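K.L.:
Dropping in query15.cif, with mmCIF, C-alpha atoms and all ligand atoms.
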data_upload
#
loop_
_atom_site.label_atom_id
_atom_site.label_comp_id
_atom_site.auth_asym_id
_atom_site.auth_seq_id
_atom_site.Cartn_x
_atom_site.Cartn_y
_atom_site.Cartn_z
CA MET B 8 -8.22 48.63 6.82
CA ASN B 9 -8.94 48.03 3.21
CA LYS B 10 -12.00 46.15 2.07
CA LEU B 11 -10.11 42.90 1.67
CA SER B 12 -8.68 43.06 5.23
CA ILE B 13 -12.15 43.72 6.64
CA LEU B 14 -13.51 40.75 4.74
CA PHE B 15 -10.63 38.61 5.96
CA ALA B 16 -11.05 39.71 9.59
CA GLY B 17 -14.79 39.05 9.33
CA LEU B 18 -14.08 35.60 7.97
CA LEU B 19 -11.76 34.86 10.88
CA VAL B 20 -14.43 35.92 13.40
CA ALA B 21 -16.98 33.77 11.59
CA LEU B 22 -14.64 30.79 11.58
CA PHE B 23 -13.76 31.26 15.22
CA SER B 24 -17.36 31.56 16.37
CA THR B 25 -18.45 28.60 14.23
CA GLY B 26 -15.71 26.56 15.83
CA HIS B 27 -16.85 27.66 19.23
CA LEU B 28 -20.48 26.76 18.55
CA THR B 29 -19.71 23.27 17.25
CA ALA B 30 -17.34 22.29 20.07
CA GLN B 31 -18.28 18.74 21.04
CA PRO B 32 -19.88 18.28 24.46
CA PRO B 33 -18.42 15.36 26.45
CA ALA B 34 -19.81 12.00 25.27
CA PRO B 35 -22.91 11.00 27.27
CA ILE B 36 -22.29 8.27 29.81
CA THR B 37 -24.78 5.55 30.69
CA LEU B 38 -24.74 3.39 33.80
CA VAL B 39 -26.58 0.05 33.57
CA LYS B 40 -27.31 -1.63 36.91
CA ALA B 41 -28.61 -5.18 37.38
CA GLY B 42 -28.98 -7.75 40.15
CA ARG B 43 -26.60 -10.16 38.42
CA LEU B 44 -24.07 -10.24 35.58
CA LEU B 45 -23.03 -13.58 34.06
CA ASP B 46 -19.55 -13.87 32.57
CA PRO B 47 -19.88 -16.74 30.06
CA ARG B 48 -16.12 -17.26 29.84
CA THR B 49 -15.70 -18.16 33.52
CA GLY B 50 -19.29 -18.86 34.51
CA ASN B 51 -18.82 -16.37 37.37
CA VAL B 52 -21.75 -14.21 38.45
CA LEU B 53 -21.20 -10.68 39.69
CA SER B 54 -24.00 -9.65 42.05
CA PRO B 55 -25.03 -6.86 42.08
CA ALA B 56 -23.38 -5.44 38.96
CA ALA B 57 -22.97 -2.20 37.04
CA VAL B 58 -21.64 -1.37 33.59
CA VAL B 59 -20.45 2.08 32.52
CA ILE B 60 -20.94 2.87 28.83
CA GLU B 61 -19.38 5.71 26.89
CA SER B 62 -19.67 6.38 23.14
CA GLY B 63 -21.25 2.97 22.49
CA LYS B 64 -18.42 1.05 24.19
CA ILE B 65 -18.09 -0.58 27.60
CA LYS B 66 -15.84 1.48 29.83
CA GLU B 67 -16.07 -0.16 33.23
CA VAL B 68 -17.64 -3.27 34.80
CA GLY B 69 -17.88 -4.03 38.52
CA PRO B 70 -19.92 -3.79 41.72
CA PRO B 71 -22.22 -0.70 41.58
CA ALA B 72 -20.58 0.99 44.57
CA ALA B 73 -17.12 0.89 42.98
CA VAL B 74 -18.22 1.66 39.42
CA GLN B 75 -20.74 4.40 40.25
CA ALA B 76 -18.05 6.47 41.94
CA LYS B 77 -16.21 6.72 38.62
CA ALA B 78 -19.29 7.73 36.59
CA PRO B 79 -20.20 11.45 36.42
CA ALA B 80 -23.13 12.68 38.51
CA ASP B 81 -25.20 13.39 35.37
CA ALA B 82 -24.75 9.87 33.90
CA LYS B 83 -27.95 8.33 32.58
CA ILE B 84 -28.91 5.41 34.86
CA ILE B 85 -30.75 2.33 33.60
CA ASP B 86 -31.75 0.18 36.56
CA LEU B 87 -32.76 -3.36 35.54
CA GLY B 88 -33.67 -4.43 39.09
CA THR B 89 -32.93 -8.08 39.85
CA ALA B 90 -32.41 -9.07 36.18
CA THR B 91 -29.38 -11.01 34.90
CA LEU B 92 -27.15 -9.24 32.37
CA LEU B 93 -25.36 -11.14 29.61
CA PRO B 94 -23.40 -10.15 26.52
CA GLY B 95 -25.51 -9.56 23.39
CA LEU B 96 -26.30 -12.89 21.70
CA ILE B 97 -24.58 -14.02 18.50
CA ASP B 98 -26.24 -16.23 15.87
CA SER B 99 -23.33 -17.55 13.85
CA HIS B 100 -25.44 -19.05 11.05
CA THR B 101 -28.55 -17.38 9.72
CA HIS B 102 -30.37 -16.35 6.52
CA LEU B 103 -32.11 -13.03 7.06
CA LEU B 104 -33.18 -12.62 3.43
CA LEU B 105 -35.00 -15.92 3.18
CA ASP B 106 -38.36 -16.79 4.75
CA VAL B 107 -39.44 -20.09 3.20
CA ILE B 108 -43.11 -20.98 3.46
CA VAL B 109 -43.55 -24.75 3.25
CA PRO B 110 -45.57 -25.72 0.14
CA PRO B 111 -48.48 -28.18 0.21
CA GLU B 112 -47.69 -31.88 0.60
CA ALA B 113 -48.32 -32.65 -3.11
CA GLU B 114 -45.67 -30.09 -4.07
CA ILE B 115 -43.22 -31.52 -1.53
CA THR B 116 -43.60 -35.12 -2.68
CA ARG B 117 -43.62 -34.47 -6.44
CA ARG B 118 -40.58 -32.23 -6.63
CA GLN B 119 -36.91 -32.84 -5.97
CA ASN B 120 -36.05 -31.10 -2.66
CA GLY B 121 -39.70 -30.06 -2.53
CA MET B 122 -39.60 -28.72 1.06
CA PHE B 123 -37.08 -26.04 0.25
CA VAL B 124 -36.77 -25.41 -3.49
CA PRO B 125 -40.19 -23.83 -4.21
CA GLY B 126 -39.57 -21.23 -1.47
CA LEU B 127 -36.02 -20.64 -2.67
CA LEU B 128 -37.17 -20.08 -6.25
CA LEU B 129 -39.83 -17.63 -5.07
CA ALA B 130 -37.18 -15.71 -3.13
CA ILE B 131 -34.90 -15.59 -6.19
CA THR B 132 -37.71 -14.23 -8.34
CA MET B 133 -38.56 -11.52 -5.80
CA SER B 134 -37.34 -8.06 -6.67
CA PRO B 135 -34.01 -7.50 -4.85
CA THR B 136 -35.48 -4.33 -3.36
CA GLU B 137 -38.42 -6.20 -1.87
CA ARG B 138 -36.12 -8.96 -0.64
CA VAL B 139 -33.78 -6.63 1.20
CA LEU B 140 -36.77 -4.96 2.86
CA LEU B 141 -37.86 -8.42 4.06
CA GLY B 142 -34.33 -8.78 5.43
CA GLY B 143 -34.71 -5.45 7.23
CA HIS B 144 -37.88 -6.67 8.90
CA LEU B 145 -36.37 -10.01 9.99
CA ALA B 146 -33.19 -8.26 11.17
CA ARG B 147 -35.21 -6.01 13.48
CA GLU B 148 -37.06 -9.03 14.87
CA ASP B 149 -33.73 -10.79 15.51
CA LEU B 150 -32.35 -7.76 17.36
CA GLU B 151 -35.50 -7.43 19.49
CA SER B 152 -34.91 -11.03 20.69
CA GLY B 153 -31.39 -10.18 21.80
CA PHE B 154 -29.29 -11.08 18.74
CA THR B 155 -26.94 -8.14 18.49
CA THR B 156 -24.56 -9.86 16.01
CA VAL B 157 -25.27 -12.41 13.29
CA ARG B 158 -23.36 -14.12 10.53
CA ASN B 159 -25.49 -14.28 7.39
CA LEU B 160 -24.37 -17.25 5.29
CA GLY B 161 -25.98 -16.90 1.87
CA HIS B 162 -29.43 -16.82 0.28
CA SER B 163 -29.48 -13.04 0.00
CA GLY B 164 -29.42 -12.42 -3.76
CA ILE B 165 -26.23 -10.92 -5.14
CA ASP B 166 -25.53 -8.35 -2.44
CA GLY B 167 -28.68 -8.08 -0.30
CA ASP B 168 -26.95 -9.02 2.97
CA VAL B 169 -24.14 -6.54 2.30
CA ALA B 170 -26.66 -3.75 1.59
CA LEU B 171 -28.58 -4.62 4.75
CA ARG B 172 -25.35 -4.68 6.80
CA ASN B 173 -24.39 -1.25 5.47
CA ALA B 174 -27.84 0.24 6.17
CA ILE B 175 -27.75 -1.09 9.74
CA ASN B 176 -24.21 0.21 10.30
CA ALA B 177 -25.27 3.62 9.00
CA GLY B 178 -28.20 3.67 11.44
CA ARG B 179 -30.80 3.74 8.67
CA VAL B 180 -32.29 0.35 9.62
CA SER B 181 -32.56 -1.35 13.01
CA GLY B 182 -30.86 -4.75 13.22
CA PRO B 183 -27.89 -6.75 14.48
CA ARG B 184 -24.30 -6.25 13.35
CA ILE B 185 -24.05 -8.47 10.28
CA LEU B 186 -21.13 -10.38 8.86
CA ALA B 187 -22.26 -10.95 5.29
CA SER B 188 -21.04 -13.77 3.06
CA GLY B 189 -22.70 -12.64 -0.17
CA ARG B 190 -23.42 -15.51 -2.54
CA LYS B 191 -22.67 -19.14 -1.66
CA LEU B 192 -19.98 -20.84 -3.70
CA THR B 193 -21.27 -24.19 -4.86
CA ALA B 194 -21.35 -26.73 -7.68
CA LEU B 195 -24.19 -26.30 -10.14
CA GLY B 196 -27.06 -28.58 -9.19
CA SER B 197 -26.35 -28.65 -5.48
CA TYR B 198 -29.56 -26.85 -4.61
CA ILE B 199 -31.78 -26.61 -7.69
CA GLN B 200 -32.19 -29.09 -10.52
CA ASN B 201 -34.26 -29.36 -13.69
CA LEU B 202 -34.68 -25.66 -14.38
CA ASN B 203 -35.74 -24.39 -17.79
CA PRO B 204 -32.42 -24.25 -19.69
CA ALA B 205 -33.34 -20.89 -21.20
CA LEU B 206 -33.67 -19.35 -17.74
CA ALA B 207 -31.41 -21.51 -15.58
CA GLU B 208 -28.24 -19.43 -15.65
CA PRO B 209 -29.69 -16.06 -14.61
CA ILE B 210 -31.78 -17.76 -11.90
CA VAL B 211 -28.80 -19.63 -10.41
CA GLN B 212 -26.55 -16.57 -10.65
CA GLN B 213 -28.88 -14.56 -8.44
CA GLU B 214 -28.13 -16.88 -5.55
CA PHE B 215 -24.90 -18.80 -6.16
CA LEU B 216 -21.41 -18.48 -7.59
CA GLU B 217 -20.67 -21.64 -9.50
CA ILE B 218 -17.52 -23.68 -8.89
CA THR B 219 -16.35 -25.22 -12.18
CA SER B 220 -12.56 -25.31 -11.73
CA PRO B 221 -9.91 -24.14 -9.24
CA ASP B 222 -9.44 -20.93 -11.27
CA ALA B 223 -13.18 -20.27 -11.43
CA ALA B 224 -13.34 -20.92 -7.69
CA ARG B 225 -10.69 -18.24 -7.05
CA GLN B 226 -12.57 -15.88 -9.37
CA ALA B 227 -15.78 -16.51 -7.40
CA VAL B 228 -14.02 -15.38 -4.21
CA ARG B 229 -12.90 -12.19 -5.98
CA THR B 230 -16.41 -11.57 -7.30
CA ASN B 231 -17.78 -11.73 -3.76
CA LEU B 232 -14.97 -9.45 -2.66
CA PHE B 233 -16.10 -6.90 -5.25
CA TYR B 234 -19.41 -6.79 -3.37
CA ASN B 235 -17.51 -6.22 -0.13
CA VAL B 236 -18.38 -9.39 1.76
CA ASP B 237 -17.01 -10.19 5.25
CA LEU B 238 -16.40 -13.90 4.70
CA ILE B 239 -16.78 -16.70 2.17
CA LYS B 240 -19.40 -19.46 2.39
CA ILE B 241 -18.98 -22.70 0.43
CA ALA B 242 -21.49 -25.53 0.20
CA ILE B 243 -19.73 -28.87 -0.34
CA ASP B 244 -21.87 -31.88 -1.04
CA ASP B 245 -19.37 -34.48 -2.33
CA ASP B 246 -19.63 -32.66 -5.67
CA ILE B 247 -16.53 -30.49 -5.91
CA THR B 248 -12.86 -31.45 -6.04
CA GLN B 249 -10.27 -31.05 -3.32
CA ALA B 250 -8.30 -28.74 -5.63
CA GLU B 251 -11.34 -26.45 -5.95
CA ALA B 252 -12.01 -26.37 -2.21
CA THR B 253 -8.34 -25.70 -1.45
CA ALA B 254 -8.19 -22.92 -4.07
CA ILE B 255 -11.20 -21.17 -2.48
CA VAL B 256 -9.74 -21.25 1.02
CA ASP B 257 -6.32 -20.15 -0.22
CA GLU B 258 -7.75 -17.21 -2.20
CA ALA B 259 -10.05 -16.16 0.67
CA HIS B 260 -7.24 -16.30 3.24
CA ARG B 261 -5.01 -14.27 0.89
CA GLN B 262 -7.77 -11.63 1.02
CA HIS B 263 -8.02 -11.98 4.85
CA LEU B 264 -11.49 -13.54 4.72
CA LYS B 265 -12.54 -16.54 6.79
CA VAL B 266 -14.22 -19.50 5.10
CA ALA B 267 -17.35 -21.25 6.42
CA VAL B 268 -18.10 -24.60 4.80
CA HIS B 269 -21.53 -26.22 4.70
CA ALA B 270 -20.73 -29.94 5.00
CA PHE B 271 -22.76 -32.89 6.28
CA THR B 272 -21.03 -36.09 5.13
CA PRO B 273 -17.67 -37.38 6.39
CA THR B 274 -16.24 -37.02 2.84
CA SER B 275 -17.24 -33.37 2.47
CA ILE B 276 -16.19 -32.59 6.06
CA GLN B 277 -12.77 -34.15 5.33
CA MET B 278 -12.45 -32.02 2.19
CA ALA B 279 -13.18 -28.87 4.22
CA ILE B 280 -10.63 -29.89 6.88
CA ASP B 281 -7.95 -30.63 4.26
CA ALA B 282 -8.68 -27.33 2.50
CA GLY B 283 -8.00 -25.46 5.77
CA ALA B 284 -11.54 -24.11 6.32
CA ASP B 285 -12.18 -21.96 9.40
CA SER B 286 -15.52 -23.53 10.31
CA ILE B 287 -17.64 -26.52 9.38
CA GLU B 288 -21.34 -25.58 9.29
CA HIS B 289 -23.80 -28.32 10.42
CA GLY B 290 -21.21 -31.15 10.37
CA ASN B 291 -23.78 -33.76 11.37
CA GLY B 292 -21.76 -36.67 9.95
CA VAL B 293 -18.45 -35.74 11.60
CA THR B 294 -16.38 -38.71 12.85
CA ASP B 295 -14.47 -38.83 16.14
CA GLU B 296 -11.19 -38.82 14.22
CA GLN B 297 -12.26 -35.67 12.33
CA LEU B 298 -13.28 -33.96 15.59
CA LYS B 299 -9.79 -34.65 16.91
CA VAL B 300 -8.14 -33.16 13.81
CA MET B 301 -10.46 -30.14 13.95
CA ARG B 302 -9.58 -29.60 17.60
CA ASP B 303 -5.85 -29.79 16.84
CA LYS B 304 -6.16 -27.38 13.87
CA GLY B 305 -8.51 -24.99 15.70
CA ILE B 306 -11.34 -25.48 13.16
CA PHE B 307 -14.74 -24.55 14.61
CA LEU B 308 -17.81 -26.75 14.42
CA ASP B 309 -20.93 -24.61 14.03
CA LEU B 310 -23.78 -26.79 15.29
CA THR B 311 -27.27 -26.20 13.86
CA PRO B 312 -29.84 -28.34 15.74
CA THR B 313 -32.62 -26.29 14.12
CA PHE B 314 -35.21 -29.04 13.83
CA TYR B 315 -34.22 -31.18 16.81
CA GLY B 316 -37.05 -32.84 18.74
CA GLY B 317 -39.83 -32.46 16.18
CA ARG B 318 -39.41 -28.71 15.68
CA PHE B 319 -39.85 -28.97 11.91
CA THR B 320 -43.11 -30.86 12.44
CA ARG B 321 -44.34 -27.86 14.42
CA ILE B 322 -43.57 -25.59 11.45
CA LEU B 323 -45.35 -28.02 9.09
CA GLU B 324 -48.39 -28.24 11.36
CA GLY B 325 -48.72 -24.48 11.34
CA GLU B 326 -48.57 -24.24 7.56
CA ILE B 327 -49.94 -27.29 5.78
CA VAL B 328 -52.37 -30.21 6.07
CA MET B 329 -50.38 -33.45 6.38
CA SER B 330 -51.62 -36.89 5.35
CA PRO B 331 -51.34 -39.64 8.02
CA ALA B 332 -48.47 -41.13 5.98
CA MET B 333 -46.51 -37.87 5.97
CA ARG B 334 -47.20 -37.32 9.64
CA SER B 335 -45.86 -40.75 10.61
CA GLU B 336 -42.81 -40.35 8.34
CA GLN B 337 -42.09 -36.98 10.03
CA ALA B 338 -42.42 -38.54 13.49
CA SER B 339 -40.05 -41.42 12.73
CA SER B 340 -37.47 -39.28 10.94
CA SER B 341 -37.46 -36.80 13.81
CA GLU B 342 -36.94 -39.66 16.28
CA ARG B 343 -34.01 -41.01 14.24
CA GLY B 344 -32.60 -37.50 14.02
CA ARG B 345 -32.92 -37.00 17.77
CA LYS B 346 -30.83 -40.09 18.56
CA ARG B 347 -28.10 -39.20 16.07
CA TYR B 348 -27.92 -35.61 17.33
CA ASP B 349 -27.76 -36.63 21.00
CA SER B 350 -24.72 -38.73 20.19
CA LEU B 351 -23.16 -35.96 18.04
CA VAL B 352 -23.41 -33.39 20.86
CA GLN B 353 -21.92 -35.79 23.41
CA ARG B 354 -19.01 -36.58 21.07
CA VAL B 355 -18.43 -32.88 20.38
CA LEU B 356 -18.36 -32.03 24.11
CA LYS B 357 -15.96 -34.91 24.78
CA SER B 358 -13.64 -34.06 21.89
CA GLY B 359 -12.68 -30.58 23.09
CA VAL B 360 -13.30 -29.14 19.59
CA LYS B 361 -14.24 -25.46 19.51
CA PHE B 362 -17.93 -25.07 18.75
CA ALA B 363 -20.56 -22.40 18.25
CA LEU B 364 -24.30 -22.55 17.68
CA GLY B 365 -26.24 -21.32 14.66
CA SER B 366 -29.98 -21.24 14.09
CA ASP B 367 -29.81 -21.78 10.30
CA MET B 368 -33.21 -20.10 10.40
CA CYS B 369 -34.66 -19.44 6.95
CA TRP B 370 -38.21 -20.69 7.52
CA PHE B 371 -41.43 -18.86 8.17
CA TYR B 372 -42.42 -20.07 11.65
CA PRO B 373 -46.15 -19.45 12.29
CA GLY B 374 -46.79 -17.59 15.53
CA LYS B 375 -43.17 -16.64 16.11
CA THR B 376 -41.12 -13.64 15.05
CA ARG B 377 -37.82 -14.44 13.34
CA GLY B 378 -36.05 -13.67 16.61
CA GLN B 379 -38.29 -16.05 18.57
CA ALA B 380 -37.85 -18.79 15.95
CA THR B 381 -34.08 -18.28 16.14
CA ALA B 382 -33.98 -18.41 19.96
CA ASN B 383 -35.79 -21.77 19.80
CA VAL B 384 -32.44 -23.40 18.98
CA PHE B 385 -31.26 -22.89 22.60
CA SER B 386 -33.89 -25.21 24.06
CA ALA B 387 -33.28 -27.61 21.15
CA VAL B 388 -29.60 -28.01 21.99
CA HIS B 389 -30.38 -28.14 25.70
CA GLU B 390 -32.64 -31.14 25.07
CA THR B 391 -29.59 -32.95 23.67
CA SER B 392 -28.24 -32.50 27.24
CA MET B 393 -25.71 -29.78 26.48
CA PRO B 394 -25.15 -27.88 29.76
CA PRO B 395 -26.53 -24.29 29.82
CA LEU B 396 -23.12 -22.66 30.33
CA ASP B 397 -21.79 -24.40 27.21
CA ILE B 398 -24.82 -23.16 25.26
CA ILE B 399 -24.29 -19.59 26.48
CA ARG B 400 -20.59 -19.73 25.56
CA ALA B 401 -21.52 -21.06 22.11
CA ILE B 402 -23.60 -17.92 21.43
CA THR B 403 -21.25 -15.38 23.05
CA THR B 404 -17.51 -15.91 23.64
CA ASN B 405 -17.08 -18.92 21.31
CA ALA B 406 -19.14 -17.34 18.53
CA ALA B 407 -17.12 -14.12 18.80
CA GLU B 408 -13.93 -16.12 18.29
CA LEU B 409 -15.48 -18.00 15.35
CA LEU B 410 -16.27 -14.64 13.74
CA GLY B 411 -12.77 -13.32 14.46
CA TRP B 412 -14.45 -10.55 16.49
CA GLN B 413 -13.29 -11.59 19.98
CA ASP B 414 -11.94 -8.07 20.52
CA LYS B 415 -15.32 -6.48 19.68
CA VAL B 416 -18.24 -8.61 20.92
CA GLY B 417 -19.20 -11.67 22.98
CA ALA B 418 -18.25 -10.42 26.47
CA ILE B 419 -19.09 -7.59 28.87
CA GLU B 420 -15.57 -6.18 29.14
CA PRO B 421 -14.02 -2.71 28.83
CA GLY B 422 -13.33 -1.78 25.20
CA LYS B 423 -16.01 -4.03 23.70
CA PHE B 424 -19.17 -2.75 22.00
CA ALA B 425 -21.92 -2.04 24.53
CA ASP B 426 -24.11 -4.92 23.35
CA LEU B 427 -26.04 -6.26 26.34
CA VAL B 428 -29.13 -8.33 27.02
CA ALA B 429 -30.98 -9.05 30.25
CA VAL B 430 -33.39 -11.76 31.35
CA THR B 431 -35.50 -11.82 34.51
CA GLY B 432 -34.45 -15.27 35.78
CA ASP B 433 -31.27 -17.33 35.87
CA PRO B 434 -30.37 -18.71 32.41
CA ILE B 435 -28.05 -21.32 33.96
CA ALA B 436 -31.00 -22.78 35.88
CA ASP B 437 -33.42 -22.36 32.96
CA ILE B 438 -31.96 -21.84 29.48
CA SER B 439 -35.41 -20.98 28.10
CA GLU B 440 -34.93 -17.58 29.82
CA LEU B 441 -32.94 -16.71 26.69
CA GLU B 442 -36.13 -17.10 24.67
CA ARG B 443 -37.61 -14.29 26.80
CA VAL B 444 -35.01 -11.54 26.60
CA ARG B 445 -36.43 -8.43 28.36
CA PHE B 446 -33.74 -5.87 27.68
CA VAL B 447 -31.58 -5.32 24.60
CA MET B 448 -28.86 -2.73 24.13
CA LYS B 449 -26.74 -2.45 21.01
CA ASP B 450 -23.91 0.05 20.65
CA GLY B 451 -25.00 1.65 23.94
CA GLN B 452 -28.50 2.34 22.53
CA VAL B 453 -31.54 0.74 24.19
CA VAL B 454 -33.44 -1.34 21.64
CA ARG B 455 -35.88 -2.87 24.08
CA ASN B 456 -36.56 -2.51 27.80
CA ASP B 457 -39.49 -4.41 29.33
CA LEU B 458 -37.89 -3.91 32.76
CA ALA B 459 -38.28 -0.14 32.64
CA SER B 460 -40.71 -0.06 35.59
CA HIS B 461 -37.83 -0.83 37.98
ZN ZN B 501 -27.70 -22.37 6.28
#
As structure tokens - that is how I would like this structure written.
Ligand SMILES: [Zn+2]
P.N.:
Amino acid sequence: MNKLSILFAGLLVALFSTGHLTAQPPAPITLVKAGRLLDPRTGNVLSPAAVVIESGKIKEVGPPAAVQAKAPADAKIIDLGTATLLPGLIDSHTHLLLDVIVPPEAEITRRQNGMFVPGLLLAITMSPTERVLLGGHLAREDLESGFTTVRNLGHSGIDGDVALRNAINAGRVSGPRILASGRKLTALGSYIQNLNPALAEPIVQQEFLEITSPDAARQAVRTNLFYNVDLIKIAIDDDITQAEATAIVDEAHRQHLKVAVHAFTPTSIQMAIDAGADSIEHGNGVTDEQLKVMRDKGIFLDLTPTFYGGRFTRILEGEIVMSPAMRSEQASSSERGRKRYDSLVQRVLKSGVKFALGSDMCWFYPGKTRGQATANVFSAVHETSMPPLDIIRAITTNAAELLGWQDKVGAIEPGKFADLVAVTGDPIADISELERVRFVMKDGQVVRNDLASH
């Protein structure tokens, strides 16, 4: 053998042995057992239940005796005792990079949109690095409360939600799967007015893409696409044209992105419907006729009863001193809001329109983590007399369809991501159980398990 042949033979041995050493062991298998498993789609309960998980995906679901026989003897077993298993929860409308602290009453009353704008401006002037780290913190709190998937609809700086999504997907940060919309498309002046003209443009551009014409609207979609967003969010407030709205939806659909439209008034809701939007966010002013058209076209209504039943007053009480006048104005406006929302929910249920539920949480809520503040929306919508099974569908199967992720999340079925939560009681009998999630698994990894003593 010459020197070269020896070297070559040596190389072959090295390659062969390296290959041998790095051969992949079979993927670890986990078996999760629980007293009950609720299927939101049918409302059926499997009792007792077991789920086999392999490589972060659900492989098998069924009674423990049948399923266990198919799992290997060395499978890792997680026994949740008598708990009820559900699919991981989905918040289809949130703002993880915004945590508005309500300013004092004098600031609120002397400024246009004084509840929200001071906090928004502070967020815009934060360093993007600091802001995305805030998002990382709130994302972890959301996940710990059982939200394994969220749709983040703006207020993230230029690309903060995309960066956070990527860091979570890479396993560098703990948080839910995120569908990120990047910047909101909106008309100038929709959110902030009376800025210093010398500074206005760079301030607004940190948070919004301005709609000035149909062509500019298409360009705004492409700009968001450059930052690799998952969907497009528009805010319509009777201040853009039909041609602009239609151009946005057309351009987004051409790029295979769904469009979520913030709309409250019947006029702006109609514009979103005519533009061919995929979902109406909030939609408080929707008419019965519009609900019917939305049902026929398959447009989702994403309900956000965030402040129902005096919930905003609770935030205010925790943060500021209110004058008697402000207190009584809050009480009467929350009572008016309660009546309108009760009727909205009844009309939605009757109409047969597809609906999901979003927290729209962007507020600092004293005494609650972001996840706990977000989960508060379940009891809010229940107080409107929405039945628990409808609520659970709105945050699992329905939300998955709204996201276009019905093949990935929202149900405990073979092939879906192993995103599971468990509660100790029966969420159909008491929906507030969902505010006390005891076990969270995302991608087959345990995030939280307060039931570990079983
Ligand atoms: Zn929102």
K.L.:
What is the distance, in Å and to one decimal place, between atom CA of Ala227 of chain B and atom CA of Asp244 of chain B?
P.N.:
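Atom CA of Ala227 of chain B sits 17.7 Å away from atom CA of Asp244 of chain B.
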K.L.:
Skipping near chain neighbours, those fewer than 4 positions away, what residues fall within 12 Å of Ile108 of chain B using only C-alpha atoms, listed as a PyMOL selection string?
P.N.:
chain B and resi 115+121-130+322-327+369-373
K.L.:
Which residues, written as a ChimeraX atom specification, have at least one atom at most 12 Å from Asp309 of chain B, with all atoms listed in the file counted and residues fewer than 5 positions away on the same chain left out?
P.N.:
/B:98-101,158,160,267-271,285-291,293,301,352,355,360-367,398,401-402,405-406,408-410
K.L.:
Rounded to one decimal, what separation in Å do you get between atom CA of Arg172 of chain B and atom CA of Ile185 of chain B?
P.N.:
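So the two atoms, atom CA of Arg172 of chain B and atom CA of Ile185 of chain B, lie 5.3 Å apart.
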K.L.:
Could you pull the residues within 9 Å of Phe215 of chain B, counting all atoms listed in the file, minus those fewer than 5 positions along the same chain, as a list in words?
P.N.:
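Those residues are Gly161, His162, Gly164, Ile165, Gly189, Arg190, Lys191, Leu192, Thr193, Ala194 and Leu195 of chain B.
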K.L.:
Please compute the atom CA of Glu342 of chain B-atom CA of Ala387 of chain B distance, one decimal, in Å.
P.N.:
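The value is 13.5 Å.
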K.L.:
Name the closest residue to ligand ZN 501 (chain B) among the candidates B:Phe385, B:Phe233, B:Tyr198, B:Phe446; distances are taken between atoms, counting all atoms listed in the file.
P.N.:
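Among the listed residues, B:Tyr198 lies closest to ligand ZN 501 (chain B).
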K.L.:
Quick one: what's the axis-aligned box for segment 400-406 of chain B, all listed atoms, 8 Å on every side, centre and edges in Å to one decimal, as AutoDock Vina command-line options?
P.N.:
--center_x -20.3 --center_y -18.2 --center_z 22.0 --size_x 22.5 --size_y 21.7 --size_z 23.0
K.L.:
Using all atoms listed in the file, find the one residue out of B:Ser163, B:Ser358, B:Ser220, B:Ser392 that sits nearest to ligand ZN 501 (chain B).
P.N.:
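Among the listed residues, the smallest separation from ligand ZN 501 (chain B) belongs to B:Ser163.
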K.L.:
Using all atoms listed in the file for the distances, tell me which of B:Ser330, B:Thr37, B:Thr381, B:Ser275 is nearest to Ile84 of chain B.
P.N.:
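Result for the nearest residue to Ile84 of chain B: B:Thr37.
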K.L.:
Would you mind listing what lies within 10 Å of Leu150 of chain B as a ChimeraX atom specification, with only C-alpha atoms counted and same-chain residues fewer than 5 positions away left out?
P.N.:
/B:95-96,145,155-157,181-184,377-378,447-449,454-455
K.L.:
Taking into account all atoms listed in the file, which residue in the set B:Val211, B:Ile97, B:Leu238, B:Val39 is nearest to Glu67 of chain B?
P.N.:
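The answer is B:Val39, which sits nearest to Glu67 of chain B.
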K.L.:
If we count all atoms listed in the file, what is near segment 86-94 of chain B at a cut-off of 6 Å, once residues fewer than 5 positions away on the same chain are taken out, given as a PDB file with C-alpha atoms, in the coordinates of the input?
P.N.:
ATOM      1  CA  VAL B  39     -26.580   0.050  33.570  1.00  0.00           C
ATOM      2  CA  LYS B  40     -27.310  -1.630  36.910  1.00  0.00           C
ATOM      3  CA  ALA B  41     -28.610  -5.180  37.380  1.00  0.00           C
ATOM      4  CA  GLY B  42     -28.980  -7.750  40.150  1.00  0.00           C
ATOM      5  CA  ARG B  43     -26.600 -10.160  38.420  1.00  0.00           C
ATOM      6  CA  LEU B  44     -24.070 -10.240  35.580  1.00  0.00           C
ATOM      7  CA  LEU B  45     -23.030 -13.580  34.060  1.00  0.00           C
ATOM      8  CA  GLY B 417     -19.200 -11.670  22.980  1.00  0.00           C
ATOM      9  CA  ALA B 418     -18.250 -10.420  26.470  1.00  0.00           C
ATOM     10  CA  ILE B 419     -19.090  -7.590  28.870  1.00  0.00           C
ATOM     11  CA  LEU B 427     -26.040  -6.260  26.340  1.00  0.00           C
ATOM     12  CA  VAL B 428     -29.130  -8.330  27.020  1.00  0.00           C
ATOM     13  CA  ALA B 429     -30.980  -9.050  30.250  1.00  0.00           C
ATOM     14  CA  VAL B 430     -33.390 -11.760  31.350  1.00  0.00           C
ATOM     15  CA  THR B 431     -35.500 -11.820  34.510  1.00  0.00           C
ATOM     16  CA  LEU B 458     -37.890  -3.910  32.760  1.00  0.00           C
ATOM     17  CA  HIS B 461     -37.830  -0.830  37.980  1.00  0.00           C
TER      18      HIS B 461
END
K.L.:
Given only C-alpha atoms and all ligand atoms as the basis, pick out the residue of B:Leu186, B:Ala242, B:Ala425, B:Ala338 nearest to ligand ZN 501 (chain B).
P.N.:
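Distance minimum relative to ligand ZN 501 (chain B) lands on B:Ala242.
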